[in-house]
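> Here you go, this is entry-v6.csv (CSV, C-alpha atoms).
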```
chain,number,residue,atom,x,y,z
V,1,MET,CA,121.0,80.2,114.9
V,2,SER,CA,124.5,79.5,116.3
V,3,ASP,CA,124.3,75.8,115.2
V,4,LEU,CA,124.2,76.4,111.5
V,5,VAL,CA,126.4,74.1,109.5
V,6,LEU,CA,127.8,76.3,106.7
V,7,PRO,CA,130.0,75.4,103.8
V,8,ALA,CA,133.8,76.0,103.9
V,9,ALA,CA,133.6,78.1,100.6
V,10,VAL,CA,130.9,79.9,98.7
V,11,LEU,CA,130.7,81.9,95.4
V,12,LEU,CA,128.3,84.8,95.4
V,13,ALA,CA,127.2,85.8,91.9
V,14,GLY,CA,125.8,89.3,91.2
V,15,GLY,CA,126.7,92.7,89.9
V,16,GLY,CA,126.1,95.6,87.6
V,17,SER,CA,124.0,97.6,90.0
V,18,ALA,CA,123.7,98.5,93.7
V,19,GLY,CA,120.5,96.4,93.8
V,20,HIS,CA,122.6,93.3,93.3
V,21,VAL,CA,125.9,94.3,94.9
V,22,SER,CA,124.5,95.6,98.2
V,23,PRO,CA,122.7,92.3,99.2
V,24,LEU,CA,125.7,90.3,98.0
V,25,LEU,CA,128.0,92.2,100.3
V,26,ALA,CA,125.5,92.0,103.2
V,27,LEU,CA,125.3,88.3,102.9
V,28,ALA,CA,129.1,88.0,102.6
V,29,ASP,CA,129.6,89.9,105.8
V,30,ARG,CA,127.0,87.8,107.6
V,31,LEU,CA,128.6,84.5,106.5
V,32,ARG,CA,132.0,85.7,107.6
V,33,THR,CA,130.6,86.6,111.0
V,34,LEU,CA,128.9,83.1,111.3
V,35,ARG,CA,132.0,81.2,110.0
V,36,PRO,CA,135.1,83.3,110.1
V,37,ASP,CA,137.2,80.7,108.2
V,38,MET,CA,134.8,80.5,105.3
V,39,ALA,CA,136.4,81.3,101.9
V,40,ILE,CA,134.0,83.8,100.3
V,41,ALA,CA,134.5,84.9,96.7
V,42,ALA,CA,132.3,86.9,94.3
V,43,LEU,CA,131.5,86.5,90.6
V,44,GLY,CA,130.8,89.7,88.6
V,45,THR,CA,132.0,91.8,85.7
V,46,ASP,CA,135.0,94.1,85.4
V,47,THR,CA,132.8,97.1,84.6
V,48,GLY,CA,130.0,97.1,87.2
V,49,LEU,CA,130.0,98.5,90.7
V,50,GLU,CA,131.2,95.2,92.0
V,51,ALA,CA,134.6,95.8,90.4
V,52,ARG,CA,135.2,98.5,93.0
V,53,LEU,CA,133.1,97.6,95.9
V,54,VAL,CA,133.8,93.9,96.3
V,55,PRO,CA,137.6,94.1,96.5
V,56,ALA,CA,137.2,97.2,98.7
V,57,ARG,CA,135.3,95.0,101.2
V,58,GLY,CA,138.1,92.5,101.2
V,59,TYR,CA,136.6,89.7,99.0
V,60,PRO,CA,138.2,88.3,95.8
V,61,LEU,CA,136.3,89.0,92.6
V,62,HIS,CA,136.2,86.6,89.6
V,63,THR,CA,134.9,88.1,86.4
V,64,VAL,CA,132.9,86.9,83.4
V,65,ALA,CA,131.8,88.8,80.3
V,66,LYS,CA,128.3,90.3,80.2
V,67,VAL,CA,125.8,88.2,78.2
V,68,PRO,CA,122.7,90.3,77.8
V,69,LEU,CA,119.7,88.3,76.7
V,70,PRO,CA,117.7,90.3,74.0
V,71,ARG,CA,114.1,90.6,74.9
V,72,THR,CA,113.1,90.9,71.3
V,73,PRO,CA,114.4,89.2,68.1
V,74,SER,CA,117.6,90.9,66.9
V,75,PRO,CA,121.0,90.1,65.3
V,76,ASP,CA,122.4,89.8,68.8
V,77,LEU,CA,120.2,86.8,69.5
V,78,VAL,CA,122.3,84.5,67.2
V,79,ARG,CA,125.5,85.4,69.1
V,80,VAL,CA,124.0,84.6,72.6
V,81,PRO,CA,124.7,80.8,72.6
V,82,ARG,CA,128.5,81.3,72.0
V,83,ARG,CA,128.8,84.2,74.4
V,84,LEU,CA,126.8,82.3,77.1
V,85,ALA,CA,129.0,79.2,76.6
V,86,GLY,CA,132.1,81.3,77.2
V,87,ALA,CA,130.6,82.9,80.3
V,88,VAL,CA,129.5,79.5,81.7
V,89,THR,CA,133.1,78.2,81.2
V,90,ALA,CA,134.5,81.3,83.0
V,91,ALA,CA,131.9,80.9,85.8
V,92,GLY,CA,132.9,77.2,86.1
V,93,ALA,CA,136.5,78.1,86.4
V,94,ALA,CA,135.6,80.6,89.2
V,95,ILE,CA,133.7,77.8,91.1
V,96,ASP,CA,136.7,75.5,90.7
V,97,ARG,CA,139.3,78.1,91.8
V,98,SER,CA,137.3,79.2,94.8
V,99,GLY,CA,136.4,75.7,95.9
V,100,ALA,CA,132.8,76.8,96.3
V,101,GLN,CA,130.5,74.3,97.9
V,102,VAL,CA,127.4,76.5,97.4
V,103,VAL,CA,126.7,79.1,94.7
V,104,VAL,CA,124.4,82.0,95.6
V,105,GLY,CA,123.0,84.1,92.8
V,106,PHE,CA,121.5,87.6,93.0
V,107,GLY,CA,120.3,87.9,89.4
V,108,GLY,CA,121.7,89.9,86.6
V,109,TYR,CA,124.1,89.1,83.8
V,110,VAL,CA,126.5,87.0,85.8
V,111,SER,CA,124.0,84.8,87.6
V,112,THR,CA,122.8,82.8,84.6
V,113,PRO,CA,126.3,81.4,83.8
V,114,ALA,CA,126.9,80.8,87.5
V,115,TYR,CA,123.7,78.8,87.8
V,116,LEU,CA,124.4,76.7,84.7
V,117,ALA,CA,128.0,76.1,85.7
V,118,ALA,CA,127.0,75.1,89.3
V,119,ARG,CA,124.2,72.8,87.9
V,120,ARG,CA,126.8,71.1,85.6
V,121,ARG,CA,129.0,70.4,88.7
V,122,GLY,CA,126.3,69.3,91.0
V,123,ILE,CA,127.0,72.3,93.3
V,124,PRO,CA,124.0,73.4,95.4
V,125,ILE,CA,122.4,76.7,94.2
V,126,VAL,CA,120.7,79.4,96.2
V,127,VAL,CA,118.8,82.2,94.5
V,128,HIS,CA,117.9,85.6,96.0
V,129,GLU,CA,115.5,87.8,94.1
V,130,GLN,CA,115.5,91.5,95.2
V,131,ASN,CA,112.6,92.8,93.2
V,132,ALA,CA,108.9,92.0,93.3
V,133,ARG,CA,109.1,91.1,89.6
V,134,PRO,CA,111.9,88.6,89.0
V,135,GLY,CA,114.3,88.9,86.2
V,136,LEU,CA,115.2,86.3,83.5
V,137,ALA,CA,118.3,85.0,85.3
V,138,ASN,CA,116.5,84.3,88.6
V,139,ARG,CA,113.5,82.8,86.8
V,140,LEU,CA,115.9,80.3,85.3
V,141,GLY,CA,117.8,79.8,88.6
V,142,ALA,CA,114.6,79.1,90.5
V,143,ARG,CA,113.9,76.1,88.2
V,144,LEU,CA,117.3,74.6,89.1
V,145,THR,CA,117.0,74.7,92.9
V,146,PRO,CA,114.4,74.6,95.7
V,147,PHE,CA,116.4,77.1,97.7
V,148,VAL,CA,114.9,80.4,96.5
V,149,GLY,CA,114.7,83.5,98.8
V,150,THR,CA,112.7,86.6,97.9
V,151,THR,CA,112.6,90.1,99.3
V,152,PHE,CA,108.8,90.5,98.9
V,153,ALA,CA,106.0,88.2,99.8
V,154,SER,CA,104.2,89.0,96.6
V,155,THR,CA,107.0,87.8,94.3
V,156,ARG,CA,105.9,85.0,92.1
V,157,LEU,CA,108.9,82.6,91.6
V,158,ALA,CA,109.2,78.8,91.8
V,159,HIS,CA,110.1,77.5,95.3
V,160,ALA,CA,110.0,81.1,96.7
V,161,ARG,CA,110.1,81.8,100.4
V,162,ARG,CA,110.4,85.3,101.8
V,163,VAL,CA,113.6,86.1,103.6
V,164,GLY,CA,113.7,89.9,103.0
V,165,MET,CA,116.6,91.9,101.8
V,166,PRO,CA,120.0,91.5,103.3
V,167,LEU,CA,120.8,95.0,104.6
V,168,ARG,CA,124.2,96.5,105.4
V,169,PRO,CA,124.8,96.6,109.2
V,170,GLU,CA,124.6,100.4,109.4
V,171,ILE,CA,121.0,100.1,108.5
V,172,ALA,CA,120.0,96.8,110.0
V,173,THR,CA,121.3,97.8,113.5
V,174,LEU,CA,120.2,101.5,113.4
V,175,ASP,CA,118.4,102.9,116.4
V,176,ARG,CA,116.8,106.0,114.9
V,177,ALA,CA,115.7,107.5,118.2
V,178,ALA,CA,119.1,107.0,119.8
V,179,ARG,CA,120.9,108.7,116.9
V,180,ARG,CA,118.4,111.4,116.1
V,181,ALA,CA,120.2,114.2,117.9
V,182,GLU,CA,123.5,113.2,116.2
V,183,ALA,CA,121.8,113.1,112.8
V,184,LEU,CA,120.1,116.5,113.2
V,185,ASP,CA,123.5,118.1,114.2
V,186,HIS,CA,125.3,116.3,111.3
V,187,PHE,CA,123.0,117.9,108.7
V,188,GLY,CA,122.6,121.3,110.4
V,189,LEU,CA,118.9,120.7,111.1
V,190,GLU,CA,116.7,122.0,114.0
V,191,ASP,CA,115.2,119.7,116.6
V,192,GLN,CA,111.8,119.3,114.8
V,193,ARG,CA,110.0,116.9,112.6
V,194,THR,CA,111.8,116.4,109.3
V,195,LEU,CA,110.9,115.4,105.7
V,196,LEU,CA,113.6,113.5,103.8
V,197,VAL,CA,113.5,113.8,100.0
V,198,THR,CA,115.9,111.5,98.1
V,199,GLY,CA,116.2,110.0,94.7
V,200,GLY,CA,119.3,107.9,95.6
V,201,SER,CA,122.9,108.5,94.7
V,202,LEU,CA,122.0,109.4,91.1
V,203,GLY,CA,119.1,111.6,92.1
V,204,ALA,CA,115.6,111.9,90.6
V,205,LYS,CA,114.9,114.8,88.3
V,206,ARG,CA,111.1,114.8,89.0
V,207,LEU,CA,111.6,114.9,92.7
V,208,ASN,CA,114.3,117.6,92.6
V,209,GLU,CA,112.3,119.9,90.3
V,210,ALA,CA,109.0,119.6,92.2
V,211,PHE,CA,110.6,120.3,95.6
V,212,ALA,CA,113.0,123.0,94.4
V,213,ALA,CA,109.9,124.9,93.2
V,214,ARG,CA,108.3,124.8,96.6
V,215,VAL,CA,111.2,125.5,99.0
V,216,LEU,CA,109.7,128.8,100.3
V,217,GLU,CA,106.2,127.3,100.7
V,218,LEU,CA,107.5,124.3,102.7
V,219,SER,CA,109.6,126.5,104.9
V,220,ALA,CA,106.7,128.9,105.5
V,221,ALA,CA,104.5,125.9,106.4
V,222,GLY,CA,107.0,124.9,109.1
V,223,ILE,CA,108.2,121.7,107.3
V,224,GLN,CA,111.9,121.1,107.8
V,225,VAL,CA,113.4,119.3,104.8
V,226,LEU,CA,116.6,117.4,104.1
V,227,HIS,CA,116.9,117.0,100.4
V,228,VAL,CA,119.4,114.6,98.9
V,229,THR,CA,119.6,115.6,95.2
V,230,GLY,CA,122.1,113.2,93.8
V,231,ALA,CA,125.6,114.0,92.6
V,232,ASP,CA,126.0,117.3,90.6
V,233,LYS,CA,122.2,118.0,91.0
V,234,GLY,CA,122.3,120.4,93.9
V,235,PHE,CA,120.6,123.8,93.8
V,236,ALA,CA,120.8,127.0,95.6
V,237,VAL,CA,118.3,127.4,98.4
V,238,PRO,CA,116.6,130.8,98.6
V,239,ALA,CA,116.6,132.6,102.0
V,240,THR,CA,113.8,131.2,104.1
V,241,GLY,CA,113.9,133.9,106.8
V,242,SER,CA,112.3,132.7,110.0
V,243,GLY,CA,110.7,129.6,108.3
V,244,ALA,CA,111.8,126.0,108.8
V,245,ARG,CA,115.2,124.9,107.4
V,246,TYR,CA,115.6,123.5,104.0
V,247,VAL,CA,118.9,121.7,103.7
V,248,VAL,CA,120.2,120.5,100.3
V,249,ILE,CA,123.0,118.0,100.0
V,250,GLU,CA,124.1,116.1,96.9
V,251,TYR,CA,125.1,112.9,98.6
V,252,ALA,CA,124.8,111.4,102.1
V,253,ASP,CA,127.9,109.5,103.1
V,254,ALA,CA,126.0,108.2,106.1
V,255,MET,CA,122.5,107.5,104.8
V,256,GLU,CA,121.6,105.9,108.1
V,257,LEU,CA,121.9,109.4,109.7
V,258,ALA,CA,119.5,110.8,107.1
V,259,TYR,CA,117.0,108.1,108.1
V,260,ALA,CA,117.6,108.8,111.7
V,261,ALA,CA,116.7,112.5,111.1
V,262,ALA,CA,113.5,111.7,109.1
V,263,ASP,CA,109.9,111.4,110.1
V,264,LEU,CA,108.5,111.0,106.6
V,265,VAL,CA,110.3,110.2,103.3
V,266,VAL,CA,109.7,110.9,99.6
V,267,ALA,CA,111.7,108.5,97.4
V,268,ARG,CA,111.8,106.2,94.5
V,269,SER,CA,110.8,102.6,95.2
V,270,GLY,CA,113.8,100.6,94.3
V,271,ALA,CA,113.9,97.4,96.2
V,272,ASN,CA,116.8,98.5,98.5
V,273,THR,CA,115.1,101.7,99.3
V,274,VAL,CA,111.7,100.1,100.1
V,275,CYS,CA,113.4,97.4,102.3
V,276,GLU,CA,115.6,99.9,104.2
V,277,LEU,CA,112.6,102.2,104.9
V,278,THR,CA,110.3,99.4,106.1
V,279,ALA,CA,113.0,97.8,108.2
V,280,LEU,CA,113.3,101.1,110.0
V,281,GLY,CA,109.6,101.8,110.2
V,282,LEU,CA,109.8,104.9,108.1
V,283,PRO,CA,106.6,105.9,106.3
V,284,ALA,CA,107.1,107.0,102.8
V,285,ILE,CA,105.7,108.5,99.6
V,286,TYR,CA,106.9,106.2,96.9
V,287,VAL,CA,107.3,107.6,93.4
V,288,PRO,CA,108.2,104.7,91.1
V,289,LEU,CA,110.6,105.3,88.2
V,290,PRO,CA,108.4,105.4,85.2
V,291,ILE,CA,110.6,103.2,83.0
V,292,GLY,CA,111.5,99.5,82.8
V,293,ASN,CA,109.0,96.7,83.4
V,294,GLY,CA,107.1,98.4,86.2
V,295,GLU,CA,109.1,96.6,89.0
V,296,GLN,CA,109.4,99.7,91.1
V,297,GLU,CA,105.6,100.0,91.5
V,298,LEU,CA,105.4,96.4,92.5
V,299,ASN,CA,108.3,96.8,95.0
V,300,ALA,CA,106.1,99.2,97.0
V,301,ALA,CA,102.9,97.2,96.6
V,302,ASP,CA,103.2,95.2,99.9
V,303,VAL,CA,104.0,98.2,102.1
V,304,VAL,CA,101.4,100.4,100.4
V,305,ALA,CA,98.7,97.7,100.8
V,306,ALA,CA,99.7,97.5,104.5
V,307,GLY,CA,99.2,101.3,104.9
V,308,GLY,CA,102.8,102.1,105.4
V,309,GLY,CA,103.3,104.2,102.3
V,310,LEU,CA,101.5,106.0,99.5
V,311,LEU,CA,102.2,105.5,95.8
V,312,VAL,CA,102.3,108.6,93.6
V,313,PRO,CA,102.9,108.2,89.9
V,314,ASP,CA,105.9,110.1,88.6
V,315,ALA,CA,103.8,112.4,86.4
V,316,GLU,CA,101.7,113.4,89.4
V,317,LEU,CA,104.6,114.4,91.6
V,318,THR,CA,104.3,118.1,90.8
V,319,PRO,CA,104.9,121.3,92.8
V,320,SER,CA,101.1,121.6,93.2
V,321,TRP,CA,101.1,118.1,94.7
V,322,VAL,CA,103.8,119.0,97.2
V,323,THR,CA,101.8,121.9,98.6
V,324,GLY,CA,98.3,120.4,98.1
V,325,SER,CA,98.8,116.9,99.3
V,326,LEU,CA,102.1,116.5,101.0
V,327,VAL,CA,101.9,119.4,103.4
V,328,PRO,CA,98.5,118.3,104.9
V,329,LEU,CA,99.8,114.7,105.3
V,330,PHE,CA,103.0,115.8,107.0
V,331,ARG,CA,101.0,118.0,109.4
V,332,ASP,CA,98.7,115.0,110.3
V,333,ILE,CA,101.0,113.5,113.0
V,334,THR,CA,98.5,110.8,113.8
V,335,ALA,CA,98.3,109.6,110.2
V,336,VAL,CA,102.1,109.6,109.8
V,337,ASP,CA,102.5,107.6,113.0
V,338,ARG,CA,100.0,105.0,111.8
V,339,MET,CA,101.9,104.8,108.5
V,340,ALA,CA,105.1,104.3,110.5
V,341,ALA,CA,103.7,101.4,112.4
V,342,ALA,CA,102.3,99.8,109.3
V,343,ALA,CA,105.7,100.2,107.5
V,344,ALA,CA,107.5,98.4,110.4
V,345,SER,CA,105.0,95.6,110.2
V,346,VAL,CA,106.2,94.5,106.7
V,347,GLY,CA,109.9,95.4,107.3
V,348,GLU,CA,112.6,92.8,107.9
V,349,ARG,CA,116.0,93.6,109.5
V,350,GLY,CA,117.3,90.0,109.5
V,351,GLY,CA,117.4,89.3,105.8
V,352,ASP,CA,121.1,88.5,105.9
V,353,GLN,CA,120.7,85.9,108.6
V,354,LEU,CA,117.6,84.3,106.9
V,355,LEU,CA,119.5,84.1,103.6
V,356,ALA,CA,122.5,82.6,105.4
V,357,GLU,CA,120.2,80.0,106.8
V,358,LEU,CA,119.0,79.2,103.3
V,359,VAL,CA,122.7,78.7,102.3
V,360,ALA,CA,123.1,76.3,105.2
V,361,ALA,CA,120.0,74.4,104.1
V,362,ALA,CA,121.2,74.1,100.5
V,363,TYR,CA,124.6,72.8,101.8
V,364,ALA,CA,122.9,70.3,104.0
V,365,ALA,CA,121.0,68.9,101.1
V,366,ARG,CA,124.0,68.6,98.8
V,367,ARG,CA,124.8,65.3,97.1
V,368,PRO,CA,127.0,62.9,99.1
V,369,GLY,CA,130.7,63.6,98.5
V,370,ARG,CA,130.1,67.2,97.6
```
Show me this structure written as structure tokens.


Amino acid sequence: MSDLVLPAAVLLAGGGSAGHVSPLLALADRLRTLRPDMAIAALGTDTGLEARLVPARGYPLHTVAKVPLPRTPSPDLVRVPRRLAGAVTAAGAAIDRSGAQVVVGFGGYVSTPAYLAARRRGIPIVVHEQNARPGLANRLGARLTPFVGTTFASTRLAHARRVGMPLRPEIATLDRAARRAEALDHFGLEDQRTLLVTGGSLGAKRLNEAFAARVLELSAAGIQVLHVTGADKGFAVPATGSGARYVVIEYADAMELAYAAADLVVARSGANTVCELTALGLPAIYVPLPIGNGEQELNAADVVAAGGGLLVPDAELTPSWVTGSLVPLFRDITAVDRMAAAAASVGERGGDQLLAELVAAAYAARRPGR
């Protein structure tokens, strides 16, 4: 939409993890494209990923102290009101200094004070929830504004409308077929169907151990593997002789190339991962992290229900499962192709644009004089 009326300044609140920082930066980049003169600032902490990534992308970062909200009664609970009041004051100062006309929150520690400070000033609020199960901050934020975007259709949140996940341009614009040859050459792979195994930048111990134990069997079965183990979690690959290649790397600087090389993926089901894979029409075996509040299982629910992925509990991802279940699936090209089409049917490449349109809608509905 080229006729969007966007604010002159926004403050984007989120941090602590890539799940918050990545969509924040994707929206910032889209807003800058749509309105190059917009003043865009971020609100975060001085210890999270945002402290490095936001300034590196060229956006100013205002910081507030973390105010964790205890989920069970504890001595920390009595200190929350004073800490929160201080964080709200700091967030309000960031709104004032940045001249923000809209505040966009992505959840996490910094969003609660941002929502409260914006509400106090009558500044329009936009909420974006990345996970299928919303956190405390965004459950609060959704009560303060009708402009609530979610990544997944199944997310239960007041005023929710699905906009998808704002993705970085390298993923959102990726033509996998056009870059496949480049990707295979980049990783030293042969021109054949490829399985991608990844636990993200930190790796996944369960995935690493299960696949490391079946390198020779996968190679002998003719299944080429690109295995991204995570930093400092690499392992030596035994000689595979005339079998298919098994390439181990600890980190992929250009993850889009790993996706371009892949025909099937085995991965955790963090929100970013699920959204990137579905946006690209990549079928996947999702292995939810077995801790937390079960959000990773919910993140994969929509694509699994559509037939674009399979869910395997962490405890069941064993070496025996790799050879007994994964190998037959990978060899069934028709089944994998069906999964790819189903994954694409629930994917969304334009989440950054749709969220920008929500920002424009919130700005249009602002109080007179704001």

> Using all atoms listed in the file, collect all residues at a distance of at most 12 Å from (116.9, 78.4, 84.7) as written in the file, then present them as a PDB file with C-alpha atoms, in the coordinates of the input.


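The result, stored in result_29.pdb:
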```pdb
ATOM      1  CA  GLY V 105     123.000  84.100  92.800  1.00  0.00           C
ATOM      2  CA  GLY V 107     120.300  87.900  89.400  1.00  0.00           C
ATOM      3  CA  SER V 111     124.000  84.800  87.600  1.00  0.00           C
ATOM      4  CA  THR V 112     122.800  82.800  84.600  1.00  0.00           C
ATOM      5  CA  PRO V 113     126.300  81.400  83.800  1.00  0.00           C
ATOM      6  CA  ALA V 114     126.900  80.800  87.500  1.00  0.00           C
ATOM      7  CA  TYR V 115     123.700  78.800  87.800  1.00  0.00           C
ATOM      8  CA  LEU V 116     124.400  76.700  84.700  1.00  0.00           C
ATOM      9  CA  ALA V 117     128.000  76.100  85.700  1.00  0.00           C
ATOM     10  CA  ALA V 118     127.000  75.100  89.300  1.00  0.00           C
ATOM     11  CA  ARG V 119     124.200  72.800  87.900  1.00  0.00           C
ATOM     12  CA  ILE V 125     122.400  76.700  94.200  1.00  0.00           C
ATOM     13  CA  VAL V 127     118.800  82.200  94.500  1.00  0.00           C
ATOM     14  CA  GLY V 135     114.300  88.900  86.200  1.00  0.00           C
ATOM     15  CA  LEU V 136     115.200  86.300  83.500  1.00  0.00           C
ATOM     16  CA  ALA V 137     118.300  85.000  85.300  1.00  0.00           C
ATOM     17  CA  ASN V 138     116.500  84.300  88.600  1.00  0.00           C
ATOM     18  CA  ARG V 139     113.500  82.800  86.800  1.00  0.00           C
ATOM     19  CA  LEU V 140     115.900  80.300  85.300  1.00  0.00           C
ATOM     20  CA  GLY V 141     117.800  79.800  88.600  1.00  0.00           C
ATOM     21  CA  ALA V 142     114.600  79.100  90.500  1.00  0.00           C
ATOM     22  CA  ARG V 143     113.900  76.100  88.200  1.00  0.00           C
ATOM     23  CA  LEU V 144     117.300  74.600  89.100  1.00  0.00           C
ATOM     24  CA  THR V 145     117.000  74.700  92.900  1.00  0.00           C
ATOM     25  CA  PRO V 146     114.400  74.600  95.700  1.00  0.00           C
ATOM     26  CA  LEU V 157     108.900  82.600  91.600  1.00  0.00           C
ATOM     27  CA  ALA V 158     109.200  78.800  91.800  1.00  0.00           C
TER      28      ALA V 158
END
```

> Identify which of the residues V:Gly164, V:Gly243, V:Pro169, V:Gly15 lies closest to V:Val215, counting all atoms listed in the file when measuring atom-to-atom distances.

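Distance minimum relative to V:Val215 lands on V:Gly243.
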
> Give me, as a tab-separated table, the closest atom pair and its distance (Å, one decimal) for every residue of stretch 133-226 of chain V within a cut-off of 8 Å of stretch 24-33 of chain V, counting all atoms listed in the file, rows sorted by chain and rising number.


```
residue	atom	partner	partner_atom	distance
V:Pro166	CA	V:Ala26	CA	5.5
V:Leu167	CA	V:Ala26	CA	5.7
V:Arg168	CA	V:Ala26	CA	5.2
V:Pro169	CA	V:Ala26	CA	7.6
```

> Which residue is closest to V:Gly99? Choose from V:Glu182, V:His128, V:Ala153, V:Pro7 and count all atoms listed in the file.

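Going through V:Glu182, V:His128, V:Ala153, V:Pro7 one by one, the smallest distance to V:Gly99 is for V:Pro7.
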
> For a quick check of understanding, using only C-alpha atoms, which of V:Ala271, V:Val228, V:Ala279, V:Val346 has the smallest distance to V:Val304?

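Closest candidate: V:Val346.
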
> Could you give me, as a list in words, the residues that sit within 9 Å of (125.0, 74.8, 107.2) in the file's coordinates, counting only C-alpha atoms?

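Those within range, by chain then number, are Asp3, Leu4, Val5, Leu6, Pro7, Ala356, Glu357, Leu358, Val359, Ala360, Ala361, Ala362, Tyr363 and Ala364 of chain V.
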
> Next, dump the selected residues to file, keeping only C-alpha atoms, as a compact mmCIF listing (two decimals), keeping the file's coordinate frame.


```txt
# COMPACT_ATOMS: atom_id res chain seq x y z
CA ASP V 3 124.30 75.80 115.20
CA LEU V 4 124.20 76.40 111.50
CA VAL V 5 126.40 74.10 109.50
CA LEU V 6 127.80 76.30 106.70
CA PRO V 7 130.00 75.40 103.80
CA ALA V 356 122.50 82.60 105.40
CA GLU V 357 120.20 80.00 106.80
CA LEU V 358 119.00 79.20 103.30
CA VAL V 359 122.70 78.70 102.30
CA ALA V 360 123.10 76.30 105.20
CA ALA V 361 120.00 74.40 104.10
CA ALA V 362 121.20 74.10 100.50
CA TYR V 363 124.60 72.80 101.80
CA ALA V 364 122.90 70.30 104.00
```

> Let me make sure I understand: among V:Gly19, V:Gly292, V:Gly281, V:Pro328, which one has the smallest atom-to-atom distance to V:Arg176 if we use only C-alpha atoms?

V:Gly281

> Using Å and a single decimal, report how far atom CA of V:Gly199 sits from atom CA of V:Gly48.

20.3 Å

> How far is it from atom CA of V:Phe106 to atom CA of V:Ile171, in Å with one decimal?

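Taking atom CA of V:Phe106 and atom CA of V:Ile171, their separation equals 19.9 Å.
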